[in-house]
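J.: You'll find upload.cif just under this line, and it carries mmCIF, C-alpha atoms.
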data_target
loop_
_atom_site.label_atom_id
_atom_site.label_comp_id
_atom_site.auth_asym_id
_atom_site.auth_seq_id
_atom_site.Cartn_x
_atom_site.Cartn_y
_atom_site.Cartn_z
CA MET A 1 62.63 85.37 99.03
CA PRO A 2 60.14 86.58 101.64
CA LEU A 3 56.56 85.53 101.05
CA ASN A 4 54.62 88.59 102.11
CA VAL A 5 50.97 87.72 102.51
CA SER A 6 48.22 90.13 103.43
CA PHE A 7 44.69 88.80 103.70
CA SER A 8 41.64 90.73 104.81
CA ALA A 9 37.93 90.04 104.51
CA LYS A 10 34.87 91.68 105.94
CA MET A 11 33.43 89.47 108.63
CA GLY A 12 30.52 91.16 110.34
CA LYS A 13 32.00 92.70 113.50
CA GLY A 14 35.18 93.82 111.80
CA ASP A 15 38.06 92.81 109.58
CA PHE A 16 39.83 89.50 109.84
CA LEU A 17 43.49 90.24 109.24
CA LEU A 18 46.38 87.86 108.77
CA PRO A 19 49.72 89.50 109.64
CA PRO A 20 51.64 90.43 106.48
CA ARG A 21 55.11 89.67 107.82
CA PHE A 22 55.33 85.93 107.18
CA SER A 23 58.48 84.80 105.40
CA LYS A 24 60.31 81.51 104.99
CA GLN A 25 62.99 82.62 107.44
CA HIS A 26 60.43 83.84 109.96
CA VAL A 27 58.54 80.54 109.79
CA VAL A 28 61.60 78.66 111.03
CA ARG A 29 62.16 81.13 113.83
CA CYS A 30 58.52 81.20 114.86
CA CYS A 31 57.95 77.49 115.06
CA GLY A 32 60.34 76.51 117.84
CA CYS A 33 58.38 74.81 120.62
CA ALA A 34 60.31 74.73 123.88
CA ALA A 35 61.30 71.51 125.57
CA ALA A 36 61.69 71.21 129.34
CA ALA A 37 64.36 72.68 131.63
CA GLY A 38 67.78 73.17 130.11
CA SER A 39 66.66 72.55 126.53
CA LEU A 40 67.69 74.52 123.46
CA CYS A 41 65.39 76.43 121.16
CA MET A 42 66.05 74.01 118.34
CA ALA A 43 64.21 75.84 115.61
CA GLY A 44 66.45 78.89 115.93
CA PHE A 45 66.72 82.08 117.90
CA GLY A 46 65.82 85.61 117.07
CA ARG A 47 63.21 87.31 114.99
CA PRO A 48 63.00 88.92 111.56
CA ARG A 49 65.37 91.77 110.82
CA ARG A 50 64.13 95.24 111.48
CA PRO A 51 63.09 97.10 108.34
CA LEU A 52 64.90 100.20 107.18
CA SER A 53 62.35 102.35 108.99
CA ARG A 54 64.15 101.46 112.23
CA ARG A 55 67.29 103.29 111.11
CA ARG A 56 68.11 106.78 112.26
CA GLY A 57 66.37 109.53 110.38
CA VAL A 58 63.53 107.36 109.08
CA ALA A 59 60.03 107.57 110.54
CA PRO A 60 59.27 104.55 112.77
CA ARG A 61 56.82 101.97 111.52
CA ALA A 62 53.68 100.87 113.33
CA ASN A 63 53.97 97.98 115.77
CA THR A 64 53.37 94.51 114.31
CA PHE A 65 52.53 91.23 115.97
CA SER A 66 56.27 90.55 116.39
CA ASP A 67 56.76 93.53 118.71
CA PHE A 68 56.34 93.17 122.46
CA GLY A 69 53.56 95.51 123.54
CA ALA A 70 51.72 95.50 120.22
CA PRO A 71 47.92 95.56 120.75
CA GLN A 72 47.31 92.36 118.77
CA ARG A 73 49.39 90.29 121.22
CA ARG A 74 48.26 91.46 124.64
CA VAL A 75 47.43 88.01 126.01
CA THR A 76 50.81 86.68 124.89
CA ASP A 77 52.63 89.57 126.54
CA SER A 78 50.55 89.21 129.70
CA LEU A 79 51.57 85.55 129.91
CA LEU A 80 55.23 86.43 129.38
CA VAL A 81 55.12 88.97 132.18
CA PHE A 82 53.13 86.67 134.48
CA ASN A 83 55.58 83.79 133.98
CA ALA A 84 58.48 86.11 134.80
CA VAL A 85 56.73 87.36 137.93
CA MET A 86 56.00 83.80 139.01
CA PHE A 87 59.64 82.83 138.54
CA ALA A 88 60.70 85.80 140.68
CA ALA A 89 58.19 84.64 143.31
CA GLN A 90 59.72 81.16 143.20
CA LEU A 91 63.11 82.67 144.01
CA LEU A 92 61.77 85.03 146.68
CA THR A 93 60.00 82.18 148.46
CA LYS A 94 63.13 80.04 148.24
CA GLN A 95 61.24 77.58 146.00
CA GLY A 96 58.33 77.40 148.41
CA LEU A 97 56.01 78.32 145.53
CA THR A 98 57.58 75.58 143.42
CA VAL A 99 56.91 72.99 146.11
CA ALA A 100 53.30 74.18 146.40
CA GLY A 101 52.57 74.25 142.67
CA ALA A 102 54.64 71.68 140.76
CA LYS A 103 52.94 68.60 139.35
CA SER A 104 53.07 65.89 142.00
CA ASN A 105 50.91 62.80 141.58
CA VAL A 106 50.81 62.14 145.31
CA ALA A 107 49.68 65.68 146.09
CA ILE A 108 47.08 65.65 143.30
CA ALA A 109 45.71 62.32 144.53
CA ASN A 110 45.38 63.90 147.97
CA GLY A 111 43.13 66.61 146.62
CA GLN A 112 45.51 69.35 145.47
CA TRP A 113 43.82 69.69 142.06
CA TRP A 114 45.35 73.10 141.34
CA ARG A 115 48.53 71.25 140.47
CA LEU A 116 46.89 70.27 137.17
CA ILE A 117 47.28 73.89 135.96
CA THR A 118 49.85 75.70 138.15
CA PRO A 119 52.89 73.81 136.77
CA ALA A 120 52.41 75.64 133.45
CA PHE A 121 53.33 78.91 135.19
CA LEU A 122 56.42 77.66 137.05
CA HIS A 123 59.94 77.00 135.76
CA GLY A 124 62.94 75.08 136.94
CA ASN A 125 65.63 77.68 136.26
CA LEU A 126 66.38 80.82 134.29
CA VAL A 127 67.31 78.96 131.10
CA HIS A 128 64.04 77.02 131.25
CA LEU A 129 62.09 80.24 131.60
CA ALA A 130 64.06 81.97 128.82
CA VAL A 131 63.58 79.15 126.31
CA ASN A 132 59.86 78.87 126.95
CA SER A 133 59.46 82.66 126.89
CA LEU A 134 61.24 82.87 123.54
CA SER A 135 58.99 80.19 122.06
CA LEU A 136 55.85 81.83 123.44
CA HIS A 137 57.03 85.24 122.19
CA ASN A 138 57.44 83.86 118.66
CA LEU A 139 54.50 81.47 118.36
CA GLY A 140 51.87 83.09 120.57
CA PRO A 141 51.25 86.28 118.55
CA ILE A 142 50.57 84.30 115.38
CA LEU A 143 47.74 82.35 116.99
CA GLU A 144 46.46 85.32 118.98
CA THR A 145 46.28 87.47 115.84
CA VAL A 146 44.40 84.97 113.70
CA SER A 147 42.17 83.61 116.50
CA GLY A 148 41.54 86.58 118.76
CA ARG A 149 42.26 86.93 122.46
CA PRO A 150 39.47 84.73 123.91
CA ARG A 151 40.21 81.75 121.70
CA PHE A 152 43.96 82.11 122.20
CA ALA A 153 43.43 82.07 125.97
CA ILE A 154 41.20 78.98 125.66
CA VAL A 155 43.82 77.13 123.61
CA TYR A 156 46.59 78.03 126.04
CA ALA A 157 44.56 76.97 129.09
CA ALA A 158 43.37 73.74 127.45
CA ALA A 159 46.90 72.82 126.39
CA ALA A 160 48.33 73.60 129.83
CA PHE A 161 45.66 71.51 131.56
CA SER A 162 45.80 68.57 129.15
CA GLY A 163 49.59 68.54 129.35
CA CYS A 164 49.44 68.23 133.13
CA VAL A 165 46.79 65.51 132.91
CA ALA A 166 48.88 63.54 130.40
CA SER A 167 51.91 63.90 132.64
CA TYR A 168 49.87 62.71 135.62
CA TYR A 169 48.97 59.45 133.89
CA GLY A 170 52.08 58.96 131.74
CA CYS A 171 54.79 60.13 134.11
CA PRO A 172 53.45 59.32 137.60
CA THR A 173 56.69 59.16 139.57
CA LYS A 174 58.29 62.47 138.63
CA LEU A 175 57.67 66.07 139.54
CA SER A 176 57.28 68.37 136.54
CA LEU A 177 56.73 72.02 135.74
CA GLY A 178 57.01 74.43 132.82
CA ALA A 179 54.99 76.07 130.06
CA SER A 180 56.24 73.84 127.26
CA GLY A 181 53.07 71.71 127.17
CA ALA A 182 50.99 74.86 126.61
CA ILE A 183 53.44 76.03 123.94
CA PHE A 184 53.19 72.70 122.13
CA GLY A 185 49.43 73.26 122.16
CA ILE A 186 49.88 76.68 120.55
CA GLY A 187 52.06 75.09 117.88
CA GLY A 188 49.39 72.48 117.21
CA ALA A 189 46.71 75.17 116.95
CA VAL A 190 48.80 77.20 114.49
CA ALA A 191 49.40 74.07 112.41
CA LEU A 192 45.67 73.29 112.40
CA PHE A 193 44.83 76.83 111.27
CA PHE A 194 47.11 76.68 108.24
CA TYR A 195 46.11 73.09 107.44
CA ARG A 196 42.44 74.06 107.50
CA HIS A 197 43.03 77.03 105.23
CA LYS A 198 45.42 75.69 102.63
CA THR A 199 43.09 76.78 99.85
CA LEU A 200 43.15 80.35 101.19
CA PHE A 201 46.86 80.78 101.91
CA GLY A 202 48.46 78.40 99.42
CA SER A 203 52.25 78.22 99.66
CA THR A 204 52.27 80.20 102.91
CA SER A 205 50.40 77.33 104.58
CA ASP A 206 52.90 74.85 103.16
CA HIS A 207 55.87 76.79 104.53
CA MET A 208 54.28 77.22 107.95
CA LEU A 209 53.40 73.53 108.19
CA GLU A 210 56.87 72.51 107.05
CA GLY A 211 58.49 74.68 109.71
CA LEU A 212 56.21 73.39 112.45
CA ARG A 213 56.75 69.78 111.40
CA ASN A 214 60.54 70.14 111.41
CA SER A 215 60.46 71.84 114.80
CA LEU A 216 58.24 69.11 116.24
CA LEU A 217 60.54 66.36 114.96
CA MET A 218 63.61 68.07 116.44
CA ASN A 219 61.90 68.52 119.79
CA VAL A 220 60.74 64.89 119.83
CA VAL A 221 64.27 63.67 119.13
CA TYR A 222 65.68 65.93 121.82
CA GLY A 223 62.97 64.94 124.28
CA LEU A 224 63.58 61.23 123.79
CA SER A 225 67.31 61.73 124.30
CA SER A 226 66.96 63.33 127.75
CA ARG A 227 65.52 61.88 130.93
CA ASN A 228 64.67 65.37 132.20
CA ILE A 229 62.06 66.02 129.51
CA ASP A 230 58.41 65.32 130.29
CA ASN A 231 57.35 64.12 126.85
CA TRP A 232 53.89 63.18 128.12
CA ALA A 233 53.23 66.82 129.00
CA HIS A 234 54.32 67.87 125.51
CA LEU A 235 52.08 65.27 123.87
CA GLY A 236 49.12 66.12 126.06
CA GLY A 237 49.55 69.85 125.42
CA LEU A 238 49.80 69.27 121.67
CA VAL A 239 46.59 67.21 121.61
CA GLY A 240 44.68 69.51 123.98
CA GLY A 241 45.62 72.72 122.18
CA SER A 242 44.83 71.25 118.77
CA LEU A 243 41.46 69.95 119.96
CA ALA A 244 40.53 73.33 121.45
CA ALA A 245 41.50 75.06 118.21
CA TYR A 246 39.44 72.56 116.21
CA LEU A 247 36.36 73.16 118.34
CA PHE A 248 36.59 76.95 118.69
CA GLY A 249 38.25 77.85 115.38
CA PRO A 250 38.86 79.87 113.37
CA ASN A 251 37.40 77.81 110.55
CA LEU A 252 36.96 80.15 107.60
CA MET A 253 34.57 79.13 104.83
CA ARG A 254 33.48 80.83 101.62
CA VAL A 255 29.71 81.27 101.47
CA SER A 256 27.37 83.05 99.10
CA ILE A 257 25.16 85.58 100.86
CA PRO A 258 21.97 86.59 98.98
CA GLY A 259 22.28 90.10 97.62
CA SER A 260 26.05 90.35 98.13
CA LYS A 261 29.32 88.89 96.96
CA THR A 262 30.83 85.69 98.31
CA GLN A 263 32.15 86.26 101.83
CA LEU A 264 34.28 84.43 104.34
CA VAL A 265 32.41 83.16 107.37
CA ASP A 266 34.01 81.83 110.52
CA ALA A 267 32.19 78.55 111.24
CA PRO A 268 33.86 76.30 113.83
CA PRO A 269 31.87 73.62 115.69
CA ILE A 270 31.61 75.93 118.73
CA LYS A 271 30.72 79.42 117.50
CA ALA A 272 30.93 81.34 120.77
CA PHE A 273 33.90 83.47 119.71
CA CYS A 274 33.47 83.74 115.94
CA HIS A 275 34.81 86.80 114.17
CA ASN A 276 31.48 87.41 112.45
CA THR A 277 27.75 87.51 113.25
CA LEU A 278 26.77 85.12 110.43
CA LYS A 279 27.07 82.09 112.71
CA GLY A 280 24.08 80.23 111.39
CA GLN A 281 24.68 80.75 107.68
CA ALA A 282 27.80 78.66 107.19
#
Written as structure tokens, that's how I'd like the structure from this file.

T.:
Amino acid sequence: MPLNVSFSAKMGKGDFLLPPRFSKQHVVRCCGCAAAAGSLCMAGFGRPRRPLSRRRGVAPRANTFSDFGAPQRRVTDSLLVFNAVMFAAQLLTKQGLTVAGAKSNVAIANGQWWRLITPAFLHGNLVHLAVNSLSLHNLGPILETVSGRPRFAIVYAAAAFSGCVASYYGCPTKLSLGASGAIFGIGGAVALFFYRHKTLFGSTSDHMLEGLRNSLLMNVVYGLSSRNIDNWAHLGGLVGGSLAAYLFGPNLMRVSIPGSKTQLVDAPPIKAFCHNTLKGQA
């Protein structure tokens, strides 16, 4: 049975809203982190079924975080479009862009430091791009909705960078490229959010964490079974994204404000992008 959860609390600058369309089935579909080129989306394809309002003669519903183009997922959609444009540029340049941007330890050691971030926006083939795009489409809006655009962008960038750094040290002899390290970081950040807030979301947190754990295990098994998978990039992205999410939040805490009811305050270690203005009262 679907576990529909809607959670809203006043937080200074506006409402903090958790998307209401979480279900057990959706968790499994959302939590598939992509592996490298030629991999399968092992946590399942697709998205939740359209509600009856999509049928003919029924008024359309408002866009949710699952819909491409919805306002709460603009950074995710921008990344999807940018990755597709970059792949087209790779083809148009006859892989000249790939040669200039893929992770190469020799080139990085010779001063081409941009290769510690550009590989996250390049892909080896159409299947590689499609699998990573599907995973980003499913996982990205969850984190972007609960964290906000700036923090989502920070997590993605940190995971992409840390994945390339881990690949540089752990896989020095191979070229690598792909967004899967950044996507592993998004998965880690989503897992951290629901682990931090188990007392707020109860069984929903348990289902989300179970889905993410199962997806991670499947991807690890698949990664270890293939020589084409850069597991160091996945590990680095997972650690980097989780660390960024830990530092920047969200980290929701119940506090008692004099003269008002108990409120939720967003109080991560780095409060630059908190949802609320009560940064010093947590």

J.: Please indicate the distance in Å from atom CA of Ala244 of chain A to atom CA of Ala159 of chain A, rounded to one decimal place.

T.: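 Atom CA of Ala159 of chain A lies 8.1 Å from atom CA of Ala244 of chain A.
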
J.: Counting only C-alpha atoms, which of A:Lys261, A:Arg74, A:Lys103, A:His207 gets nearest to Phe161 of chain A?

T.: A:Lys103

J.: Counting all atoms listed in the file, figure out which residue out of A:Gly101, A:Pro172, A:Arg254, A:Ala189 gets nearest to Ile154 of chain A.

T.: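 The closest residue to Ile154 of chain A is A:Ala189.
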
J.: Here's the selection I'm unsure about, the PyMOL selection byres ((chain A and resi 77-81) around 12); applied to the file above, which residues does it give, as number ranges by chain?

T.: A: 65-76, 82-88, 120-122, 129-141, 144, 149, 152-153, 156-157, 179, 182-183

J.: Report, in Å with one decimal, the straight-line distance from atom CA of Leu200 of chain A to atom CA of Ala158 of chain A.

T.: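 According to the coordinates, atom CA of Leu200 of chain A and atom CA of Ala158 of chain A are separated by 27.1 Å.
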
J.: Could you work out how far atom CA of Phe184 of chain A lies from atom CA of Ala233 of chain A, giving the answer in Å with one decimal?

T.: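 Atom-to-atom, atom CA of Ala233 of chain A and atom CA of Phe184 of chain A are spaced 9.0 Å apart.
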
J.: For the PyMOL selection byres ((chain A and resi 102) around 7), applied here, can you spell out every residue it catches as JSON, numbers by chain?

T.: {"A": [98, 99, 100, 101, 103, 104, 115, 118, 119, 175, 176, 177]}

J.: Quick one: which residues end up in the PyMOL selection byres ((chain A and resi 239) around 10) for this structure, as a CSV table (one decimal) with C-alpha atoms, keeping the file's coordinate frame?

T.:
chain,number,residue,atom,x,y,z
A,158,ALA,CA,43.4,73.7,127.4
A,159,ALA,CA,46.9,72.8,126.4
A,162,SER,CA,45.8,68.6,129.2
A,163,GLY,CA,49.6,68.5,129.4
A,166,ALA,CA,48.9,63.5,130.4
A,181,GLY,CA,53.1,71.7,127.2
A,184,PHE,CA,53.2,72.7,122.1
A,185,GLY,CA,49.4,73.3,122.2
A,188,GLY,CA,49.4,72.5,117.2
A,189,ALA,CA,46.7,75.2,117.0
A,233,ALA,CA,53.2,66.8,129.0
A,234,HIS,CA,54.3,67.9,125.5
A,235,LEU,CA,52.1,65.3,123.9
A,236,GLY,CA,49.1,66.1,126.1
A,237,GLY,CA,49.6,69.8,125.4
A,238,LEU,CA,49.8,69.3,121.7
A,240,GLY,CA,44.7,69.5,124.0
A,241,GLY,CA,45.6,72.7,122.2
A,242,SER,CA,44.8,71.2,118.8
A,243,LEU,CA,41.5,70.0,120.0
A,244,ALA,CA,40.5,73.3,121.4
A,245,ALA,CA,41.5,75.1,118.2

J.: Mind listing whatever residues come within 6 Å of the point (28.8, 84.2, 103.9)? Use only C-alpha atoms, file coordinates, and give them as a ChimeraX atom specification.

T.: /A:255-257,263-265

J.: Taking (41.4, 74.8, 109.5) in the file's coordinates, which residues come within 9 Å, counting all atoms listed in the file, written as a PDB file with C-alpha atoms, in the coordinates of the input?

T.:
ATOM      1  CA  ALA A 191      49.400  74.070 112.410  1.00  0.00           C
ATOM      2  CA  LEU A 192      45.670  73.290 112.400  1.00  0.00           C
ATOM      3  CA  PHE A 193      44.830  76.830 111.270  1.00  0.00           C
ATOM      4  CA  PHE A 194      47.110  76.680 108.240  1.00  0.00           C
ATOM      5  CA  TYR A 195      46.110  73.090 107.440  1.00  0.00           C
ATOM      6  CA  ARG A 196      42.440  74.060 107.500  1.00  0.00           C
ATOM      7  CA  HIS A 197      43.030  77.030 105.230  1.00  0.00           C
ATOM      8  CA  LYS A 198      45.420  75.690 102.630  1.00  0.00           C
ATOM      9  CA  ALA A 245      41.500  75.060 118.210  1.00  0.00           C
ATOM     10  CA  TYR A 246      39.440  72.560 116.210  1.00  0.00           C
ATOM     11  CA  GLY A 249      38.250  77.850 115.380  1.00  0.00           C
ATOM     12  CA  PRO A 250      38.860  79.870 113.370  1.00  0.00           C
ATOM     13  CA  ASN A 251      37.400  77.810 110.550  1.00  0.00           C
ATOM     14  CA  LEU A 252      36.960  80.150 107.600  1.00  0.00           C
ATOM     15  CA  PRO A 268      33.860  76.300 113.830  1.00  0.00           C
TER      16      PRO A 268
END

J.: Would you pick out the contacts of Thr173 of chain A at 12 Å or less, using all atoms listed in the file, so that residues sharing its chain but fewer than 5 positions from it are not included, and give the list as a VMD selection string?

T.: chain A and resid 103 to 107 167 to 168 230

J.: Taking 6 positions as the minimum chain separation for residues in the same chain, which residues sit within 8 Å of Phe248 of chain A when counting all atoms listed in the file? Answer as a list in words.

T.: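 Counting all atoms listed in the file, the residues come to Arg151, Pro268, Pro269, Ile270, Lys271, Ala272, Phe273 and Cys274 of chain A.
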
J.: From the list A:Ala267, A:His128, A:Ala160, A:Gly202, which residue is nearest Ile229 of chain A when using all atoms listed in the file?

T.: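 Between A:Ala267, A:His128, A:Ala160, A:Gly202, the residue approaching Ile229 of chain A most closely is A:His128.
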